[in-house]
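Raw contents of data_16.csv, CSV, C-alpha atoms and all ligand atoms:
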chain,number,residue,atom,x,y,z
R,19,MET,CA,0.0,0.0,0.0
R,20,SER,CA,1.5,3.3,-1.0
R,21,THR,CA,1.0,6.4,1.1
R,22,ASP,CA,0.1,9.8,-0.2
R,23,VAL,CA,3.6,11.0,0.2
R,24,GLU,CA,5.0,8.0,-1.7
R,25,SER,CA,2.6,8.6,-4.6
R,26,ARG,CA,3.5,12.3,-4.8
R,27,SER,CA,7.2,11.4,-4.9
R,28,MET,CA,6.4,8.9,-7.6
R,29,GLY,CA,5.0,11.8,-9.5
R,30,GLU,CA,8.2,13.7,-9.0
R,31,ALA,CA,10.2,10.6,-10.1
R,32,THR,CA,8.1,10.5,-13.3
R,33,ASP,CA,8.9,14.2,-13.9
R,34,ILE,CA,12.6,13.3,-13.9
R,35,LYS,CA,12.1,10.5,-16.4
R,36,SER,CA,10.2,12.9,-18.6
R,37,GLY,CA,13.1,15.2,-18.4
R,38,ASN,CA,11.3,17.9,-16.5
R,39,GLY,CA,14.6,19.6,-15.4
R,40,TRP,CA,14.7,18.2,-11.9
R,41,GLU,CA,18.0,18.8,-10.2
R,42,PRO,CA,19.0,17.3,-6.9
R,43,ARG,CA,19.5,19.4,-3.8
R,44,ILE,CA,22.6,18.5,-1.9
R,45,ILE,CA,23.4,19.8,1.6
R,46,ALA,CA,27.2,19.8,2.3
R,47,PHE,CA,28.4,20.1,5.8
R,48,LEU,CA,32.0,21.3,5.5
R,49,CYS,CA,34.6,21.6,8.2
R,50,ASN,CA,35.8,25.2,8.4
R,51,TRP,CA,39.5,24.3,8.4
R,52,CYS,CA,39.9,21.9,5.5
R,53,SER,CA,36.9,21.1,3.3
R,54,TYR,CA,35.4,24.6,3.4
R,55,ALA,CA,38.8,26.0,2.5
R,56,GLY,CA,39.0,23.4,-0.3
R,57,ALA,CA,35.6,24.5,-1.6
R,58,ASP,CA,36.8,28.1,-1.4
R,59,LEU,CA,40.0,27.1,-3.4
R,60,ALA,CA,37.8,25.5,-6.0
R,61,GLY,CA,35.9,28.7,-6.3
R,62,VAL,CA,39.0,30.9,-6.4
R,63,SER,CA,40.6,28.6,-9.0
R,64,ARG,CA,37.4,28.7,-11.0
R,65,THR,CA,37.2,24.9,-11.0
R,66,GLN,CA,33.7,24.0,-12.2
R,67,TYR,CA,31.4,22.0,-10.1
R,68,PRO,CA,27.6,21.5,-10.1
R,69,PRO,CA,25.7,24.3,-8.4
R,70,ASN,CA,23.4,21.8,-6.6
R,71,VAL,CA,25.2,22.0,-3.3
R,72,ARG,CA,24.2,24.2,-0.4
R,73,VAL,CA,27.1,24.6,2.0
R,74,VAL,CA,26.8,24.6,5.8
R,75,ARG,CA,30.1,25.6,7.4
R,76,VAL,CA,30.8,23.7,10.6
R,77,PRO,CA,33.8,24.1,13.0
R,78,CYS,CA,34.7,20.5,12.6
R,79,SER,CA,33.1,17.4,10.9
R,80,GLY,CA,32.9,16.0,14.4
R,81,ARG,CA,30.4,18.8,15.1
R,82,VAL,CA,27.9,17.3,12.6
R,83,ASN,CA,25.1,15.8,14.7
R,84,PRO,CA,23.5,12.8,12.9
R,85,LEU,CA,20.2,14.6,13.4
R,86,TYR,CA,21.4,17.3,11.0
R,87,ILE,CA,21.6,14.7,8.2
R,88,ILE,CA,18.2,13.2,9.0
R,89,LYS,CA,16.6,16.7,9.2
R,90,SER,CA,18.2,17.7,5.9
R,91,LEU,CA,16.6,14.6,4.2
R,92,GLN,CA,13.3,15.4,6.0
R,93,HIS,CA,13.3,19.0,4.7
R,94,GLY,CA,13.9,18.5,1.1
R,95,ALA,CA,17.5,17.6,0.5
R,96,ASP,CA,18.0,14.7,-1.9
R,97,GLY,CA,21.5,14.0,-0.7
R,98,VAL,CA,23.9,15.0,2.0
R,99,LEU,CA,27.7,15.3,2.0
R,100,VAL,CA,29.8,15.5,5.1
R,101,SER,CA,33.4,16.5,4.5
R,102,GLY,CA,36.3,17.1,6.9
R,103,CYS,CA,40.0,17.1,7.3
R,104,HIS,CA,42.1,14.1,6.5
R,105,PRO,CA,42.8,11.7,9.3
R,106,GLY,CA,45.6,13.2,11.5
R,107,ASP,CA,44.8,16.7,10.3
R,108,CYS,CA,41.8,17.5,12.4
R,109,HIS,CA,42.2,20.8,14.3
R,110,TYR,CA,40.4,19.2,17.2
R,111,ILE,CA,42.7,16.1,17.2
R,112,SER,CA,40.1,13.4,16.5
R,113,GLY,CA,36.8,15.1,15.6
R,114,ASN,CA,37.0,13.7,12.1
R,115,GLN,CA,37.5,10.1,13.4
R,116,TYR,CA,34.4,10.4,15.7
R,117,ALA,CA,32.5,11.9,12.7
R,118,ARG,CA,33.5,9.0,10.5
R,119,ARG,CA,32.4,6.4,13.1
R,120,ARG,CA,29.1,8.2,13.8
R,121,PHE,CA,28.5,8.5,10.0
R,122,THR,CA,29.1,4.8,9.4
R,123,LEU,CA,26.6,3.9,12.1
R,124,LEU,CA,24.0,6.4,10.8
R,125,LYS,CA,24.5,5.2,7.2
R,126,GLY,CA,23.8,1.6,8.3
R,127,LEU,CA,20.7,2.8,10.2
R,128,LEU,CA,19.4,4.8,7.2
R,129,GLU,CA,19.9,1.9,4.9
R,130,THR,CA,17.8,-0.3,7.2
R,131,MET,CA,15.1,2.4,6.8
R,132,GLY,CA,15.3,2.2,3.1
R,133,ILE,CA,17.5,5.2,2.3
R,134,GLU,CA,19.8,4.4,-0.6
R,135,PRO,CA,23.5,4.4,0.4
R,136,GLY,CA,24.4,6.9,-2.3
R,137,ARG,CA,22.3,9.7,-0.6
R,138,VAL,CA,24.7,10.2,2.3
R,139,ASN,CA,28.3,10.6,1.6
R,140,PHE,CA,31.5,11.2,3.6
R,141,SER,CA,34.8,12.5,2.3
R,142,TRP,CA,38.1,13.9,3.4
R,143,VAL,CA,39.1,17.1,1.6
R,144,SER,CA,42.0,19.3,2.6
R,145,ALA,CA,42.4,23.1,2.1
R,146,ALA,CA,44.7,22.4,-0.8
R,147,GLU,CA,42.3,20.0,-2.6
R,148,GLY,CA,40.0,22.3,-4.6
R,149,GLU,CA,40.0,19.9,-7.5
R,150,LYS,CA,39.2,17.0,-5.3
R,151,PHE,CA,36.3,19.0,-3.8
R,152,SER,CA,34.9,19.6,-7.3
R,153,ARG,CA,35.3,15.9,-8.2
R,154,VAL,CA,33.6,14.8,-5.0
R,155,VAL,CA,30.6,17.2,-5.5
R,156,ALA,CA,30.3,16.1,-9.2
R,157,GLU,CA,30.2,12.4,-8.1
R,158,VAL,CA,27.7,13.0,-5.4
R,159,VAL,CA,25.4,15.0,-7.7
R,160,GLN,CA,25.7,12.3,-10.4
R,161,THR,CA,24.9,9.5,-7.9
R,162,VAL,CA,21.9,11.3,-6.4
R,163,LYS,CA,20.6,12.2,-9.9
R,164,GLY,CA,20.6,8.5,-10.7
R,165,LEU,CA,18.6,7.8,-7.5
R,166,GLY,CA,15.9,10.5,-8.2
R,167,PRO,CA,14.3,12.6,-5.5
R,168,ALA,CA,14.5,11.5,-1.9
R,169,ARG,CA,11.1,10.3,-0.7
R,170,ARG,CA,11.6,8.1,2.4
R,171,LEU,CA,11.9,10.7,5.2
R,172,VAL,CA,10.4,13.7,3.5
R,173,LYS,CA,7.6,15.5,5.4
R,174,PRO,CA,4.3,15.9,3.6
R,175,SER,CA,4.5,19.7,4.0
R,176,VAL,CA,7.8,19.8,2.1
R,177,PHE,CA,6.2,17.8,-0.7
R,178,GLU,CA,3.3,20.2,-0.9
R,179,HIS,CA,5.7,23.2,-1.1
R,180,SER,CA,7.8,21.6,-3.8
R,181,GLN,CA,4.7,20.5,-5.7
R,182,GLY,CA,3.5,24.1,-5.6
R,183,GLN,CA,6.8,25.3,-6.9
R,184,SER,CA,6.7,22.8,-9.8
R,185,ALA,CA,3.2,23.9,-10.7
R,186,GLU,CA,4.3,27.5,-10.6
R,187,ARG,CA,7.2,26.7,-12.9
R,188,SER,CA,5.1,24.9,-15.4
R,189,GLU,CA,2.6,27.8,-15.5
R,190,ARG,CA,5.3,30.4,-16.0
R,191,PRO,CA,5.6,31.5,-19.6
R,192,ALA,CA,8.8,30.5,-21.4
R,193,THR,CA,11.2,33.4,-21.8
R,201,LIG,FE1,38.4,19.6,10.2
R,201,LIG,FE2,38.0,18.5,12.6
R,201,LIG,S1,38.8,20.4,12.1
R,201,LIG,S2,37.5,17.7,10.6
Let me see whether you can do it: turn the structure in this file into structure tokens.
Ligand code: FES
Amino acid sequence: MSTDVESRSMGEATDIKSGNGWEPRIIAFLCNWCSYAGADLAGVSRTQYPPNVRVVRVPCSGRVNPLYIIKSLQHGADGVLVSGCHPGDCHYISGNQYARRRFTLLKGLLETMGIEPGRVNFSWVSAAEGEKFSRVVAEVVQTVKGLGPARRLVKPSVFEHSQGQSAERSERPAT
């Protein structure tokens, strides 16, 4: 038996198949000291990456509460990226190791709930790795595009809002 939410999301998935211009929304939690600086370097170096990411700067990847990831998926994100300093480089000694362990546990839990593994991603990106940041973002966007819109945890009110936006878009005259 499919719920109202599921059937609405099916409608969105159909939109993708018909090439309705759907683009995934990715929330990226980036550690201030490495990955955020890496993203900045990508920008300064004019390295191209898909504009689908919305960056949330955090002091350390260890600061990312698993609830932030769940809330992101509930409120309309189609995918989440958490990125921090390489092992041994964390400014808070072992925040990234804690983040990695927490993330692995959460990912297992989300998979049990039916969330596809490709929706939540973890990476290490240093301040000198602008190109790697671009590559990681491109890979995440590509993977999530293949999965279609997130539908498992999404709140009905978020669907109504996005449905309203789609309707508005289709009513808007072509320019
Ligand atoms: Fe970057 Fe901890 S300061 S992951």
- Message: Taking all atoms listed in the file into account, which residues have an atom no farther than 10 Å from ligand LIG 201 (chain R)? I'd like them as a count of residues only.
- Response: 37
Taken to one decimal, the atom CA of R:Asp96-atom CA of R:Asp58 distance is 23.1 Å
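Using all atoms listed in the file, the residues found no farther than 8 Å from R:Arg43, other than those of its own chain fewer than 5 positions away, are Asn70, Val71, Arg72, Gly94, Ala95, Asp96 and Gly97 of chain R.
Taking only C-alpha atoms into account, R:Lys125 lies nearest to R:Arg137 out of the set R:Lys163, R:Lys150, R:Arg137, R:Arg169.
Proximity ranking of R:Ile133, R:Asn139, R:Arg120, R:Ile88 relative to R:Pro167 places R:Ile133 first, based on all atoms listed in the file.
The space separating atom CA of R:Ser63 from atom CA of R:Gly148 comes to 7.7 Å.
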A straight line from atom CA of R:Tyr67 to atom CA of R:Ser152 spans 5.1 Å
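When all atoms listed in the file are used to compute distances to R:Glu41, the closest of the residues R:Ser90, R:Gly61, R:Ala168, R:Pro135 turns out to be R:Ala168.
Residue nearest R:Gln92, chosen from R:Lys173, R:Leu127, R:Gly39, R:Ser141 and counting only C-alpha atoms: R:Lys173.
With only C-alpha atoms as the basis for measurement, R:Ala156 is the residue among R:Ala156, R:Ala146, R:Ile45, R:Leu99 that approaches R:Pro68 most closely.
Shortest atom-to-atom contact with R:Gly136 among R:Leu85, R:Val73, R:Ala60, R:Val162: R:Val162, counting only C-alpha atoms.
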With the input short on atoms, add N, CA and C atoms back to stretch 39-73 of chain R and write it as a tab-separated table (two decimals), in the frame of the given file.
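Result written to selection_13.tsv:
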chain	number	residue	atom	x	y	z
R	39	GLY	N	13.56	18.66	-15.97
R	39	GLY	CA	14.60	19.60	-15.40
R	39	GLY	C	14.80	19.46	-13.96
R	40	TRP	N	14.48	18.34	-13.37
R	40	TRP	CA	14.70	18.20	-11.90
R	40	TRP	C	16.21	18.13	-11.65
R	41	GLU	N	16.60	18.84	-10.61
R	41	GLU	CA	18.00	18.80	-10.20
R	41	GLU	C	18.03	18.50	-8.71
R	42	PRO	N	18.93	17.62	-8.29
R	42	PRO	CA	19.00	17.30	-6.90
R	42	PRO	C	19.50	18.41	-6.02
R	43	ARG	N	19.01	18.45	-4.78
R	43	ARG	CA	19.50	19.40	-3.80
R	43	ARG	C	20.42	18.68	-2.84
R	44	ILE	N	21.64	19.13	-2.72
R	44	ILE	CA	22.60	18.50	-1.90
R	44	ILE	C	23.02	19.42	-0.74
R	45	ILE	N	22.91	18.97	0.49
R	45	ILE	CA	23.40	19.80	1.60
R	45	ILE	C	24.80	19.27	1.95
R	46	ALA	N	25.78	20.18	1.96
R	46	ALA	CA	27.20	19.80	2.30
R	46	ALA	C	27.60	20.42	3.57
R	47	PHE	N	27.87	19.59	4.55
R	47	PHE	CA	28.40	20.10	5.80
R	47	PHE	C	29.94	20.02	5.71
R	48	LEU	N	30.56	21.20	5.68
R	48	LEU	CA	32.00	21.30	5.50
R	48	LEU	C	32.73	21.80	6.67
R	49	CYS	N	33.77	21.11	7.06
R	49	CYS	CA	34.60	21.60	8.20
R	49	CYS	C	35.29	22.89	7.77
R	50	ASN	N	35.28	23.83	8.68
R	50	ASN	CA	35.80	25.20	8.40
R	50	ASN	C	37.28	25.14	7.97
R	51	TRP	N	38.06	24.23	8.57
R	51	TRP	CA	39.50	24.30	8.40
R	51	TRP	C	40.05	23.64	7.16
R	52	CYS	N	39.36	22.65	6.67
R	52	CYS	CA	39.90	21.90	5.50
R	52	CYS	C	38.89	21.98	4.31
R	53	SER	N	37.77	21.29	4.46
R	53	SER	CA	36.90	21.10	3.30
R	53	SER	C	36.27	22.46	2.85
R	54	TYR	N	35.93	23.32	3.80
R	54	TYR	CA	35.40	24.60	3.40
R	54	TYR	C	36.42	25.42	2.65
R	55	ALA	N	37.66	25.34	3.16
R	55	ALA	CA	38.80	26.00	2.50
R	55	ALA	C	39.01	25.39	1.11
R	56	GLY	N	38.83	24.07	1.02
R	56	GLY	CA	39.00	23.40	-0.30
R	56	GLY	C	37.91	23.85	-1.25
R	57	ALA	N	36.68	24.03	-0.75
R	57	ALA	CA	35.60	24.50	-1.60
R	57	ALA	C	35.91	25.95	-2.05
R	58	ASP	N	36.46	26.72	-1.13
R	58	ASP	CA	36.80	28.10	-1.40
R	58	ASP	C	37.92	28.12	-2.52
R	59	LEU	N	38.89	27.22	-2.37
R	59	LEU	CA	40.00	27.10	-3.40
R	59	LEU	C	39.40	26.77	-4.73
R	60	ALA	N	38.44	25.85	-4.73
R	60	ALA	CA	37.80	25.50	-6.00
R	60	ALA	C	37.19	26.70	-6.65
R	61	GLY	N	36.53	27.52	-5.82
R	61	GLY	CA	35.90	28.70	-6.30
R	61	GLY	C	36.92	29.73	-6.86
R	62	VAL	N	37.96	29.96	-6.06
R	62	VAL	CA	39.00	30.90	-6.40
R	62	VAL	C	39.73	30.46	-7.70
R	63	SER	N	39.93	29.15	-7.80
R	63	SER	CA	40.60	28.60	-9.00
R	63	SER	C	39.72	28.44	-10.17
R	64	ARG	N	38.47	28.82	-9.97
R	64	ARG	CA	37.40	28.70	-11.00
R	64	ARG	C	37.31	27.26	-11.53
R	65	THR	N	37.44	26.33	-10.61
R	65	THR	CA	37.20	24.90	-11.00
R	65	THR	C	35.69	24.73	-10.97
R	66	GLN	N	35.19	24.19	-12.06
R	66	GLN	CA	33.70	24.00	-12.20
R	66	GLN	C	33.22	22.86	-11.36
R	67	TYR	N	32.11	23.08	-10.68
R	67	TYR	CA	31.40	22.00	-10.10
R	67	TYR	C	29.91	22.28	-10.08
R	68	PRO	N	29.06	21.24	-10.03
R	68	PRO	CA	27.60	21.50	-10.10
R	68	PRO	C	27.10	22.42	-9.05
R	69	PRO	N	26.18	23.31	-9.39
R	69	PRO	CA	25.70	24.30	-8.40
R	69	PRO	C	24.60	23.72	-7.49
R	70	ASN	N	24.52	22.40	-7.38
R	70	ASN	CA	23.40	21.80	-6.60
R	70	ASN	C	23.70	21.78	-5.10
R	71	VAL	N	24.91	22.13	-4.68
R	71	VAL	CA	25.20	22.00	-3.30
R	71	VAL	C	24.89	23.32	-2.50
R	72	ARG	N	24.37	23.13	-1.30
R	72	ARG	CA	24.20	24.20	-0.40
R	72	ARG	C	25.09	23.95	0.80
R	73	VAL	N	26.05	24.84	1.00
R	73	VAL	CA	27.10	24.60	2.00
R	73	VAL	C	26.70	25.06	3.38
